[in-house]
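Q: So that we are looking at the same thing, I have put the structure below in structure tokens.
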Amino acid sequence: SKSQLTYGARAQSHPNPLARKLFQVAEEKKSNVTVSADVTTTKELLDLADRLGPYIAVIKTHIDILSDFSQATIDGLNALAQKHNFLIFEDRKFIDIGNTVQKQYHNGTLRISEWAHIINCSVLPGEGIVEALAQTAQSTDFPYGSERGLLILAEMTSKGSLATGTYTSASVDIARKYPSFVLGFVSTRSLGEVESTEAPAQGEDFVVFTTGVNLSSKGDKLGQQYQTPQSAIGRGADFIISGRGIYAAADPVEAAKQYQQQGWEAYLARVGA
Ligand code: 5IU
């Protein structure tokens, strides 16, 4: 696996333009932190994005939980992404037939394809979901720049998750079939070594995003299970995702700096720098 290489080296050699951008941002900002900004108003979202922007590589949204979504939400978020040099990941978890996910991705009130650099999907419906999302991503020029990428939801952090075993290995099989669109996985560990029916391509470099990262809690009352930045990165996370650990902290800016520092130190230890 490529997890022993620096983000800078992976930025240079990665076949996917959005992955190159992602690794460049991480290297430039010395941050592998994705903040999961699960707040429910545009004001809170933009306020968090502006205050935490300097310390994060990616902002992860659940845009459908906002009570007041409008064009101002998208314009504001994109202006802040430019200002602070972070990417936007909409955690929509598409999971339907191809014809439906194309509409959910591109149309509706949310027009996710216009503004989200990164999206994710489950491969429960089969590989057609990836083909459908790839077609939409590649068929349009978007107002805020057109590089788009997909993370396959290969595992989940919640207790009793059924995203294991053959589901997880099918996620790897399908990722290998769509290298120009699939960046990698949302998973709890690197997956390049799991059994797969597809042979790895020369120079394969899946990007791993790991959720459920929290420094002060082991879990919540609804089944969430947490690990630390060190343990996530040790298992192969390239980007650590934290929500409440950061935005619900007494001082979210201080918390973001702390996750940034710990995430970066764990990364440096992994690459032997
Ligand atoms: N999320 C998970 N686990 C997963 C996946 C996504 O927690 O396996 I896929 C999302 C849910 C929430 C964020 O938006 O990541 C975690 O938030 P907290 O750090 O507040 O638990």
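Ligands are numbered from 1 in the order shown, chains are lettered A, B, ... in the order of the structure tokens, and residues start at 1 in each chain.
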Can you work out which residues are within 8 Å of ligand 1, considering only C-alpha atoms and all ligand atoms, and then hand them over as a PyMOL selection string?
A: chain A and resi 36-38+60-62+91+93+153-158+186-188+210-214+219-220+224-226+241-246
Q: Would you list the contacts of segment 189-191 of chain A as a list in words, taking every protein, DNA or RNA residue within 7 Å and counting only C-alpha atoms, but skipping same-chain residues closer than 3 positions in sequence?
A: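 The neighbour list is Val194, Val208, Arg235, Gly236 and Ala237 of chain A.
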Q: As an exercise, work out the distance from atom CA of Ala170 of chain A to atom CA of Thr140 of chain A in Å and give it to one decimal place.
A: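 It comes out at 28.5 Å.
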Q: Tell me which protein, DNA and RNA residues are within 12 Å of segment 67-81 of chain A, counting only C-alpha atoms, leaving out same-chain ones fewer than 2 positions away, and put them as a PDB file with N, CA and C atoms, in the first residue's frame.
A:
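Result went into part39.pdb, see below:
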ATOM      1  N   VAL A  25      -3.540  19.787  -0.818  1.00  0.00           N
ATOM      2  CA  VAL A  25      -4.125  20.595   0.252  1.00  0.00           C
ATOM      3  C   VAL A  25      -3.595  20.119   1.602  1.00  0.00           C
ATOM      4  N   ALA A  37     -19.376  18.835   9.676  1.00  0.00           N
ATOM      5  CA  ALA A  37     -20.064  20.028  10.180  1.00  0.00           C
ATOM      6  C   ALA A  37     -21.570  19.770  10.232  1.00  0.00           C
ATOM      7  N   ASP A  38     -21.971  18.930  11.175  1.00  0.00           N
ATOM      8  CA  ASP A  38     -23.375  18.494  11.238  1.00  0.00           C
ATOM      9  C   ASP A  38     -24.253  19.466  12.020  1.00  0.00           C
ATOM     10  N   VAL A  39     -24.249  20.711  11.569  1.00  0.00           N
ATOM     11  CA  VAL A  39     -25.082  21.745  12.179  1.00  0.00           C
ATOM     12  C   VAL A  39     -26.296  21.961  11.290  1.00  0.00           C
ATOM     13  N   THR A  40     -27.292  22.674  11.801  1.00  0.00           N
ATOM     14  CA  THR A  40     -28.585  22.649  11.125  1.00  0.00           C
ATOM     15  C   THR A  40     -29.037  24.001  10.545  1.00  0.00           C
ATOM     16  N   THR A  41     -28.174  25.006  10.607  1.00  0.00           N
ATOM     17  CA  THR A  41     -28.505  26.258   9.911  1.00  0.00           C
ATOM     18  C   THR A  41     -27.312  26.713   9.070  1.00  0.00           C
ATOM     19  N   THR A  42     -27.623  27.471   8.018  1.00  0.00           N
ATOM     20  CA  THR A  42     -26.579  27.980   7.130  1.00  0.00           C
ATOM     21  C   THR A  42     -25.605  28.864   7.891  1.00  0.00           C
ATOM     22  N   LYS A  43     -26.118  29.675   8.780  1.00  0.00           N
ATOM     23  CA  LYS A  43     -25.250  30.578   9.536  1.00  0.00           C
ATOM     24  C   LYS A  43     -24.218  29.785  10.345  1.00  0.00           C
ATOM     25  N   GLU A  44     -24.693  28.754  11.043  1.00  0.00           N
ATOM     26  CA  GLU A  44     -23.760  27.932  11.836  1.00  0.00           C
ATOM     27  C   GLU A  44     -22.739  27.237  10.934  1.00  0.00           C
ATOM     28  N   LEU A  45     -23.207  26.745   9.792  1.00  0.00           N
ATOM     29  CA  LEU A  45     -22.305  26.034   8.877  1.00  0.00           C
ATOM     30  C   LEU A  45     -21.216  26.973   8.354  1.00  0.00           C
ATOM     31  N   LEU A  46     -21.617  28.150   7.896  1.00  0.00           N
ATOM     32  CA  LEU A  46     -20.638  29.073   7.321  1.00  0.00           C
ATOM     33  C   LEU A  46     -19.712  29.635   8.402  1.00  0.00           C
ATOM     34  N   ASP A  47     -20.274  29.849   9.577  1.00  0.00           N
ATOM     35  CA  ASP A  47     -19.471  30.327  10.695  1.00  0.00           C
ATOM     36  C   ASP A  47     -18.389  29.299  11.062  1.00  0.00           C
ATOM     37  N   LEU A  48     -18.790  28.038  11.153  1.00  0.00           N
ATOM     38  CA  LEU A  48     -17.811  26.963  11.438  1.00  0.00           C
ATOM     39  C   LEU A  48     -16.770  26.870  10.322  1.00  0.00           C
ATOM     40  N   ALA A  49     -17.235  26.898   9.081  1.00  0.00           N
ATOM     41  CA  ALA A  49     -16.320  26.763   7.943  1.00  0.00           C
ATOM     42  C   ALA A  49     -15.284  27.884   7.935  1.00  0.00           C
ATOM     43  N   ASP A  50     -15.707  29.078   8.321  1.00  0.00           N
ATOM     44  CA  ASP A  50     -14.775  30.213   8.312  1.00  0.00           C
ATOM     45  C   ASP A  50     -13.793  30.123   9.476  1.00  0.00           C
ATOM     46  N   ARG A  51     -14.289  29.725  10.648  1.00  0.00           N
ATOM     47  CA  ARG A  51     -13.403  29.672  11.814  1.00  0.00           C
ATOM     48  C   ARG A  51     -12.459  28.480  11.777  1.00  0.00           C
ATOM     49  N   LEU A  52     -12.958  27.336  11.271  1.00  0.00           N
ATOM     50  CA  LEU A  52     -12.126  26.120  11.260  1.00  0.00           C
ATOM     51  C   LEU A  52     -11.334  25.961   9.968  1.00  0.00           C
ATOM     52  N   GLY A  53     -11.734  26.737   8.943  1.00  0.00           N
ATOM     53  CA  GLY A  53     -11.134  26.608   7.609  1.00  0.00           C
ATOM     54  C   GLY A  53      -9.618  26.503   7.576  1.00  0.00           C
ATOM     55  N   PRO A  54      -8.900  27.325   8.356  1.00  0.00           N
ATOM     56  CA  PRO A  54      -7.427  27.268   8.285  1.00  0.00           C
ATOM     57  C   PRO A  54      -6.826  25.932   8.728  1.00  0.00           C
ATOM     58  N   ILE A  56      -8.303  22.703   8.508  1.00  0.00           N
ATOM     59  CA  ILE A  56      -8.884  21.478   7.939  1.00  0.00           C
ATOM     60  C   ILE A  56      -8.527  21.333   6.459  1.00  0.00           C
ATOM     61  N   ALA A  57      -8.564  20.091   5.989  1.00  0.00           N
ATOM     62  CA  ALA A  57      -8.346  19.819   4.560  1.00  0.00           C
ATOM     63  C   ALA A  57      -9.680  19.728   3.825  1.00  0.00           C
ATOM     64  N   VAL A  58     -10.693  19.252   4.545  1.00  0.00           N
ATOM     65  CA  VAL A  58     -11.999  18.975   3.924  1.00  0.00           C
ATOM     66  C   VAL A  58     -13.100  19.331   4.916  1.00  0.00           C
ATOM     67  N   ILE A  59     -14.203  19.860   4.397  1.00  0.00           N
ATOM     68  CA  ILE A  59     -15.406  19.984   5.231  1.00  0.00           C
ATOM     69  C   ILE A  59     -16.400  18.939   4.732  1.00  0.00           C
ATOM     70  N   LYS A  60     -16.969  18.193   5.651  1.00  0.00           N
ATOM     71  CA  LYS A  60     -17.985  17.199   5.295  1.00  0.00           C
ATOM     72  C   LYS A  60     -19.345  17.744   5.706  1.00  0.00           C
ATOM     73  N   THR A  61     -20.270  17.741   4.756  1.00  0.00           N
ATOM     74  CA  THR A  61     -21.609  18.272   5.024  1.00  0.00           C
ATOM     75  C   THR A  61     -22.658  17.163   4.973  1.00  0.00           C
ATOM     76  N   HIS A  62     -23.765  17.426   5.681  1.00  0.00           N
ATOM     77  CA  HIS A  62     -25.029  16.709   5.449  1.00  0.00           C
ATOM     78  C   HIS A  62     -25.992  17.826   5.093  1.00  0.00           C
ATOM     79  N   ILE A  63     -25.973  18.218   3.833  1.00  0.00           N
ATOM     80  CA  ILE A  63     -26.654  19.439   3.422  1.00  0.00           C
ATOM     81  C   ILE A  63     -28.165  19.338   3.650  1.00  0.00           C
ATOM     82  N   ASP A  64     -28.691  18.101   3.699  1.00  0.00           N
ATOM     83  CA  ASP A  64     -30.142  17.940   3.882  1.00  0.00           C
ATOM     84  C   ASP A  64     -30.591  18.117   5.339  1.00  0.00           C
ATOM     85  N   ILE A  65     -29.668  18.359   6.261  1.00  0.00           N
ATOM     86  CA  ILE A  65     -30.105  18.626   7.632  1.00  0.00           C
ATOM     87  C   ILE A  65     -30.228  20.130   7.909  1.00  0.00           C
ATOM     88  N   LYS A  83     -11.318  30.659  -0.017  1.00  0.00           N
ATOM     89  CA  LYS A  83     -10.565  31.491   0.934  1.00  0.00           C
ATOM     90  C   LYS A  83      -9.588  30.649   1.748  1.00  0.00           C
ATOM     91  N   HIS A  84     -10.049  29.496   2.224  1.00  0.00           N
ATOM     92  CA  HIS A  84      -9.225  28.687   3.145  1.00  0.00           C
ATOM     93  C   HIS A  84      -8.599  27.459   2.483  1.00  0.00           C
ATOM     94  N   ASN A  85      -8.867  27.263   1.189  1.00  0.00           N
ATOM     95  CA  ASN A  85      -8.272  26.122   0.482  1.00  0.00           C
ATOM     96  C   ASN A  85      -8.641  24.773   1.123  1.00  0.00           C
ATOM     97  N   PHE A  86      -9.954  24.517   1.212  1.00  0.00           N
ATOM     98  CA  PHE A  86     -10.390  23.173   1.601  1.00  0.00           C
ATOM     99  C   PHE A  86     -11.367  22.631   0.556  1.00  0.00           C
ATOM    100  N   LEU A  87     -11.572  21.321   0.567  1.00  0.00           N
ATOM    101  CA  LEU A  87     -12.517  20.695  -0.353  1.00  0.00           C
ATOM    102  C   LEU A  87     -13.821  20.380   0.372  1.00  0.00           C
ATOM    103  N   ILE A  88     -14.883  20.185  -0.403  1.00  0.00           N
ATOM    104  CA  ILE A  88     -16.213  19.933   0.159  1.00  0.00           C
ATOM    105  C   ILE A  88     -16.648  18.500  -0.157  1.00  0.00           C
ATOM    106  N   PHE A  89     -17.020  17.794   0.899  1.00  0.00           N
ATOM    107  CA  PHE A  89     -17.456  16.388   0.811  1.00  0.00           C
ATOM    108  C   PHE A  89     -18.891  16.316   1.326  1.00  0.00           C
ATOM    109  N   GLU A  90     -19.839  16.058   0.423  1.00  0.00           N
ATOM    110  CA  GLU A  90     -21.234  15.878   0.846  1.00  0.00           C
ATOM    111  C   GLU A  90     -21.464  14.392   1.142  1.00  0.00           C
ATOM    112  N   GLY A 108     -32.895  18.366  -8.160  1.00  0.00           N
ATOM    113  CA  GLY A 108     -33.529  18.625  -6.870  1.00  0.00           C
ATOM    114  C   GLY A 108     -33.132  19.984  -6.326  1.00  0.00           C
ATOM    115  N   THR A 109     -33.514  20.207  -5.078  1.00  0.00           N
ATOM    116  CA  THR A 109     -33.213  21.488  -4.433  1.00  0.00           C
ATOM    117  C   THR A 109     -31.728  21.641  -4.170  1.00  0.00           C
ATOM    118  N   LEU A 110     -31.060  20.527  -3.945  1.00  0.00           N
ATOM    119  CA  LEU A 110     -29.695  20.592  -3.386  1.00  0.00           C
ATOM    120  C   LEU A 110     -28.589  20.675  -4.441  1.00  0.00           C
ATOM    121  N   ARG A 111     -28.872  20.194  -5.657  1.00  0.00           N
ATOM    122  CA  ARG A 111     -27.900  20.242  -6.765  1.00  0.00           C
ATOM    123  C   ARG A 111     -26.475  19.945  -6.301  1.00  0.00           C
ATOM    124  N   ILE A 112     -26.320  18.777  -5.683  1.00  0.00           N
ATOM    125  CA  ILE A 112     -25.064  18.405  -5.037  1.00  0.00           C
ATOM    126  C   ILE A 112     -23.881  18.411  -6.009  1.00  0.00           C
ATOM    127  N   SER A 113     -24.117  17.978  -7.244  1.00  0.00           N
ATOM    128  CA  SER A 113     -23.002  17.886  -8.207  1.00  0.00           C
ATOM    129  C   SER A 113     -22.355  19.233  -8.475  1.00  0.00           C
ATOM    130  N   GLU A 114     -23.119  20.324  -8.309  1.00  0.00           N
ATOM    131  CA  GLU A 114     -22.584  21.661  -8.592  1.00  0.00           C
ATOM    132  C   GLU A 114     -21.493  22.092  -7.634  1.00  0.00           C
ATOM    133  N   TRP A 115     -21.591  21.634  -6.387  1.00  0.00           N
ATOM    134  CA  TRP A 115     -20.710  22.239  -5.378  1.00  0.00           C
ATOM    135  C   TRP A 115     -19.900  21.249  -4.552  1.00  0.00           C
ATOM    136  N   ALA A 116     -20.254  19.955  -4.566  1.00  0.00           N
ATOM    137  CA  ALA A 116     -19.518  18.990  -3.737  1.00  0.00           C
ATOM    138  C   ALA A 116     -18.409  18.340  -4.563  1.00  0.00           C
ATOM    139  N   HIS A 117     -17.165  18.555  -4.145  1.00  0.00           N
ATOM    140  CA  HIS A 117     -16.054  17.912  -4.853  1.00  0.00           C
ATOM    141  C   HIS A 117     -16.098  16.405  -4.664  1.00  0.00           C
ATOM    142  N   PRO A 143     -20.004  25.251 -11.978  1.00  0.00           N
ATOM    143  CA  PRO A 143     -19.600  26.644 -11.790  1.00  0.00           C
ATOM    144  C   PRO A 143     -18.388  26.821 -10.880  1.00  0.00           C
ATOM    145  N   TYR A 144     -18.162  25.905  -9.956  1.00  0.00           N
ATOM    146  CA  TYR A 144     -17.060  26.109  -9.009  1.00  0.00           C
ATOM    147  C   TYR A 144     -15.861  25.211  -9.290  1.00  0.00           C
ATOM    148  N   GLY A 145     -15.710  24.730 -10.509  1.00  0.00           N
ATOM    149  CA  GLY A 145     -14.608  23.814 -10.827  1.00  0.00           C
ATOM    150  C   GLY A 145     -15.145  22.404 -10.950  1.00  0.00           C
TER     151      GLY A 145
END
Q: Return the single residue from A:Asn107, A:Tyr55, A:Gln261, A:Pro15 that is closest to Glu28 of chain A, with distances computed using only C-alpha atoms.
A: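 Going through A:Asn107, A:Tyr55, A:Gln261, A:Pro15 one by one, the smallest distance to Glu28 of chain A is for A:Tyr55.
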Q: Wanna dump the segment 174-257 of chain A-segment 120-137 of chain A contacts at 10 Å for me, each residue with its shortest atom pair and the distance in Å to one decimal, counting only C-alpha atoms, ordered by chain and number, as a Markdown table?
A:
| residue | atom | partner | partner_atom | distance |
| --- | --- | --- | --- | --- |
| A:Ile174 | CA | A:Glu127 | CA | 6.1 |
| A:Ala175 | CA | A:Val130 | CA | 8.7 |
| A:Lys177 | CA | A:Glu127 | CA | 8.9 |
| A:Tyr178 | CA | A:Val130 | CA | 7.7 |
| A:Ser180 | CA | A:Ala134 | CA | 8.8 |
| A:Phe181 | CA | A:Ala134 | CA | 6.2 |
| A:Val182 | CA | A:Val130 | CA | 8.2 |
| A:Leu183 | CA | A:Asn120 | CA | 9.8 |
| A:Gly184 | CA | A:Asn120 | CA | 9.7 |
| A:Phe185 | CA | A:Asn120 | CA | 8.4 |
| A:Val186 | CA | A:Asn120 | CA | 8.0 |
Q: Emit the selected residues as a CSV table (one decimal), in the first residue's frame, including C-alpha atoms.
A:
chain,number,residue,atom,x,y,z
A,174,ILE,CA,-15.9,-2.0,-7.8
A,175,ALA,CA,-13.4,0.7,-6.8
A,177,LYS,CA,-13.2,-1.0,-12.0
A,178,TYR,CA,-13.7,2.8,-11.8
A,180,SER,CA,-10.9,7.6,-12.7
A,181,PHE,CA,-13.8,8.4,-10.5
A,182,VAL,CA,-13.4,6.4,-7.3
A,183,LEU,CA,-10.9,8.1,-5.0
A,184,GLY,CA,-11.0,5.4,-2.3
A,185,PHE,CA,-13.1,4.5,0.6
A,186,VAL,CA,-14.9,5.6,3.8
Q: Which parts of segment 76-161 of chain A does DSSP call alpha helix (DSSP H) when run on the backbone here, written out as number ranges by chain?
A: A: 76-84, 98-106, 112-115, 128-138
Q: Those selected residues, please, written with N, CA and C atoms and delivered as a compact mmCIF listing (two decimals), in the first residue's frame.
A:
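selection-v7.txt written:
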# COMPACT_ATOMS: atom_id res chain seq x y z
N GLY A 76 -21.84 30.72 -0.17
CA GLY A 76 -21.02 30.99 1.02
C GLY A 76 -19.99 29.91 1.25
N LEU A 77 -20.42 28.67 1.13
CA LEU A 77 -19.51 27.54 1.36
C LEU A 77 -18.38 27.55 0.33
N ASN A 78 -18.73 27.82 -0.92
CA ASN A 78 -17.69 27.84 -1.94
C ASN A 78 -16.72 29.00 -1.78
N ALA A 79 -17.23 30.14 -1.37
CA ALA A 79 -16.33 31.28 -1.14
C ALA A 79 -15.34 30.93 -0.03
N LEU A 80 -15.80 30.24 1.01
CA LEU A 80 -14.93 29.86 2.12
C LEU A 80 -13.96 28.75 1.71
N ALA A 81 -14.41 27.85 0.84
CA ALA A 81 -13.51 26.80 0.34
C ALA A 81 -12.35 27.42 -0.43
N GLN A 82 -12.65 28.47 -1.19
CA GLN A 82 -11.59 29.20 -1.91
C GLN A 82 -10.69 29.94 -0.93
N LYS A 83 -11.32 30.66 -0.02
CA LYS A 83 -10.57 31.49 0.93
C LYS A 83 -9.59 30.65 1.75
N HIS A 84 -10.05 29.50 2.22
CA HIS A 84 -9.22 28.69 3.15
C HIS A 84 -8.60 27.46 2.48
N GLY A 98 -29.34 3.41 -10.61
CA GLY A 98 -28.61 4.46 -11.32
C GLY A 98 -29.46 5.64 -11.74
N ASN A 99 -30.62 5.38 -12.31
CA ASN A 99 -31.48 6.44 -12.81
C ASN A 99 -31.90 7.39 -11.71
N THR A 100 -32.12 6.88 -10.51
CA THR A 100 -32.53 7.72 -9.38
C THR A 100 -31.36 8.51 -8.81
N VAL A 101 -30.22 7.85 -8.63
CA VAL A 101 -29.09 8.59 -8.01
C VAL A 101 -28.59 9.70 -8.92
N GLN A 102 -28.71 9.54 -10.24
CA GLN A 102 -28.30 10.65 -11.12
C GLN A 102 -29.12 11.90 -10.81
N LYS A 103 -30.42 11.71 -10.59
CA LYS A 103 -31.28 12.86 -10.28
C LYS A 103 -30.99 13.41 -8.89
N GLN A 104 -30.75 12.50 -7.93
CA GLN A 104 -30.44 12.97 -6.56
C GLN A 104 -29.12 13.73 -6.52
N TYR A 105 -28.18 13.34 -7.37
CA TYR A 105 -26.86 13.96 -7.40
C TYR A 105 -26.91 15.31 -8.12
N HIS A 106 -27.65 15.36 -9.21
CA HIS A 106 -27.54 16.52 -10.10
C HIS A 106 -28.70 17.51 -9.96
N ILE A 112 -26.32 18.78 -5.68
CA ILE A 112 -25.06 18.40 -5.04
C ILE A 112 -23.88 18.41 -6.01
N SER A 113 -24.12 17.98 -7.24
CA SER A 113 -23.00 17.89 -8.21
C SER A 113 -22.35 19.23 -8.48
N GLU A 114 -23.12 20.32 -8.31
CA GLU A 114 -22.58 21.66 -8.59
C GLU A 114 -21.49 22.09 -7.63
N TRP A 115 -21.59 21.63 -6.39
CA TRP A 115 -20.71 22.24 -5.38
C TRP A 115 -19.90 21.25 -4.55
N GLY A 128 -23.62 -0.56 -10.85
CA GLY A 128 -24.29 0.43 -11.69
C GLY A 128 -24.41 1.79 -11.01
N ILE A 129 -24.43 1.81 -9.68
CA ILE A 129 -24.54 3.09 -8.98
C ILE A 129 -23.30 3.94 -9.24
N VAL A 130 -22.16 3.29 -9.31
CA VAL A 130 -20.90 4.02 -9.54
C VAL A 130 -20.85 4.52 -10.98
N GLU A 131 -21.24 3.67 -11.91
CA GLU A 131 -21.30 4.07 -13.32
C GLU A 131 -22.22 5.29 -13.49
N ALA A 132 -23.39 5.25 -12.85
CA ALA A 132 -24.36 6.34 -13.00
C ALA A 132 -23.82 7.66 -12.44
N LEU A 133 -23.23 7.60 -11.24
CA LEU A 133 -22.69 8.83 -10.63
C LEU A 133 -21.52 9.35 -11.46
N ALA A 134 -20.70 8.45 -11.97
CA ALA A 134 -19.55 8.85 -12.79
C ALA A 134 -20.02 9.58 -14.05
N GLN A 135 -21.07 9.05 -14.68
CA GLN A 135 -21.60 9.70 -15.89
C GLN A 135 -22.01 11.14 -15.60
N THR A 136 -22.72 11.33 -14.50
CA THR A 136 -23.18 12.68 -14.16
C THR A 136 -21.99 13.59 -13.86
N ALA A 137 -21.05 13.08 -13.11
CA ALA A 137 -19.88 13.89 -12.74
C ALA A 137 -19.09 14.31 -13.96
N GLN A 138 -19.06 13.44 -14.96
CA GLN A 138 -18.19 13.70 -16.10
C GLN A 138 -18.90 14.39 -17.26
Q: Go ahead and compute the interatomic distance for atom CA of Phe239 of chain A and atom CA of Gly203 of chain A, in Å to one decimal.
A: 19.7 Å
Q: Just want the 10 Å neighbourhood of Ser196 of chain A, counted on only C-alpha atoms, with same-chain residues fewer than 5 positions away dropped. Output as an mmCIF file with N, CA and C atoms, in the first residue's frame.
A:
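Result file result_31.cif:
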data_model
loop_
_atom_site.group_PDB
_atom_site.id
_atom_site.type_symbol
_atom_site.label_atom_id
_atom_site.label_comp_id
_atom_site.auth_asym_id
_atom_site.auth_seq_id
_atom_site.Cartn_x
_atom_site.Cartn_y
_atom_site.Cartn_z
ATOM 1 N N THR A 166 -18.156 -9.835 2.566
ATOM 2 C CA THR A 166 -18.277 -9.803 1.102
ATOM 3 C C THR A 166 -18.729 -8.426 0.612
ATOM 4 N N THR A 168 -17.734 -5.567 1.898
ATOM 5 C CA THR A 168 -16.510 -4.753 1.889
ATOM 6 C C THR A 168 -15.594 -5.172 0.725
ATOM 7 N N SER A 169 -15.460 -6.464 0.508
ATOM 8 C CA SER A 169 -14.573 -6.857 -0.604
ATOM 9 C C SER A 169 -15.176 -6.504 -1.959
ATOM 10 N N ALA A 170 -16.516 -6.526 -2.076
ATOM 11 C CA ALA A 170 -17.141 -6.062 -3.325
ATOM 12 C C ALA A 170 -16.888 -4.572 -3.538
ATOM 13 N N SER A 171 -16.802 -3.821 -2.432
ATOM 14 C CA SER A 171 -16.483 -2.392 -2.543
ATOM 15 C C SER A 171 -15.117 -2.201 -3.200
ATOM 16 N N VAL A 172 -14.175 -3.064 -2.829
ATOM 17 C CA VAL A 172 -12.831 -2.983 -3.410
ATOM 18 C C VAL A 172 -12.862 -3.398 -4.882
ATOM 19 N N ASP A 173 -13.580 -4.479 -5.177
ATOM 20 C CA ASP A 173 -13.708 -4.912 -6.581
ATOM 21 C C ASP A 173 -14.210 -3.758 -7.454
ATOM 22 N N ILE A 174 -15.267 -3.093 -6.981
ATOM 23 C CA ILE A 174 -15.899 -2.042 -7.793
ATOM 24 C C ILE A 174 -14.998 -0.815 -7.883
ATOM 25 N N ARG A 176 -11.900 -0.800 -8.021
ATOM 26 C CA ARG A 176 -10.835 -1.123 -8.994
ATOM 27 C C ARG A 176 -11.333 -0.993 -10.434
ATOM 28 N N LEU A 191 -7.802 -0.879 2.709
ATOM 29 C CA LEU A 191 -8.496 -2.055 2.165
ATOM 30 C C LEU A 191 -7.800 -2.661 0.952
#
Q: Select, from A:Pro179, A:Gln258, A:Gly234, A:Ala250, the residue with the minimum atom-to-atom distance to Leu215 of chain A, counting only C-alpha atoms.
A: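 That would be A:Gln258, the residue with the smallest distance to Leu215 of chain A.
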Q: From the options A:Ala266, A:Leu222, A:Val207, A:Ala19, which residue's atoms come nearest to Ser1 of chain A, counting only C-alpha atoms?
A: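 Among the listed residues, A:Val207 lies closest to Ser1 of chain A.
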Q: Between A:Gln230, A:Thr164, A:Ser31, A:Asn16, single out the one closest to Arg148 of chain A, counting only C-alpha atoms.
A: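 So, comparing all the options, the nearest one is A:Asn16.
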Q: Work out how far apart atom CA of Glu265 of chain A and atom CA of Ile233 of chain A are and give it in Å to one decimal.
A: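 Taking atom CA of Glu265 of chain A as the start and atom CA of Ile233 of chain A as the end point, the length is 9.8 Å.
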Q: Based on the backbone DSSP call, show me all residues of segment 53-266 of chain A assigned strand (DSSP E or B), as JSON, numbers by chain.
A: {"A": [58, 59, 60, 61, 87, 88, 89, 90, 91, 92, 93, 94, 118, 119, 120, 121, 149, 150, 151, 152, 153, 182, 183, 184, 185, 186, 207, 208, 209, 210, 213, 219, 225, 227, 239, 240, 241, 242]}
Q: Could you write out that same residue set with C-alpha atoms as an mmCIF file, in the first residue's frame?
A:
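Output saved as out_8.cif:
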data_model
loop_
_atom_site.group_PDB
_atom_site.id
_atom_site.type_symbol
_atom_site.label_atom_id
_atom_site.label_comp_id
_atom_site.auth_asym_id
_atom_site.auth_seq_id
_atom_site.Cartn_x
_atom_site.Cartn_y
_atom_site.Cartn_z
ATOM 1 C CA VAL A 58 -11.999 18.975 3.924
ATOM 2 C CA ILE A 59 -15.406 19.984 5.231
ATOM 3 C CA LYS A 60 -17.985 17.199 5.295
ATOM 4 C CA THR A 61 -21.609 18.272 5.024
ATOM 5 C CA LEU A 87 -12.517 20.695 -0.353
ATOM 6 C CA ILE A 88 -16.213 19.933 0.159
ATOM 7 C CA PHE A 89 -17.456 16.388 0.811
ATOM 8 C CA GLU A 90 -21.234 15.878 0.846
ATOM 9 C CA ASP A 91 -21.915 12.738 2.907
ATOM 10 C CA ARG A 92 -25.100 11.909 0.988
ATOM 11 C CA LYS A 93 -24.496 8.134 0.896
ATOM 12 C CA PHE A 94 -26.296 7.509 -2.396
ATOM 13 C CA ILE A 118 -16.432 14.574 -3.089
ATOM 14 C CA ILE A 119 -19.518 12.386 -2.624
ATOM 15 C CA ASN A 120 -19.987 8.862 -1.334
ATOM 16 C CA CYS A 121 -22.215 5.915 -2.099
ATOM 17 C CA GLY A 149 -14.579 12.112 -6.941
ATOM 18 C CA LEU A 150 -16.425 9.312 -5.185
ATOM 19 C CA LEU A 151 -15.678 7.472 -1.955
ATOM 20 C CA ILE A 152 -17.230 4.040 -1.641
ATOM 21 C CA LEU A 153 -18.753 3.446 1.757
ATOM 22 C CA VAL A 182 -13.391 6.428 -7.284
ATOM 23 C CA LEU A 183 -10.869 8.095 -4.969
ATOM 24 C CA GLY A 184 -11.038 5.378 -2.338
ATOM 25 C CA PHE A 185 -13.150 4.489 0.648
ATOM 26 C CA VAL A 186 -14.867 5.552 3.773
ATOM 27 C CA VAL A 207 -7.538 7.269 -0.334
ATOM 28 C CA VAL A 208 -8.978 6.242 3.044
ATOM 29 C CA PHE A 209 -11.322 8.505 5.016
ATOM 30 C CA THR A 210 -12.124 7.280 8.519
ATOM 31 C CA VAL A 213 -12.677 9.956 15.394
ATOM 32 C CA GLY A 219 -19.059 6.414 21.616
ATOM 33 C CA GLN A 225 -18.043 3.908 18.151
ATOM 34 C CA GLN A 227 -11.260 5.803 18.007
ATOM 35 C CA PHE A 239 -8.019 11.631 6.384
ATOM 36 C CA ILE A 240 -9.652 11.568 9.806
ATOM 37 C CA ILE A 241 -13.239 12.738 10.123
ATOM 38 C CA SER A 242 -14.472 14.275 13.344
#
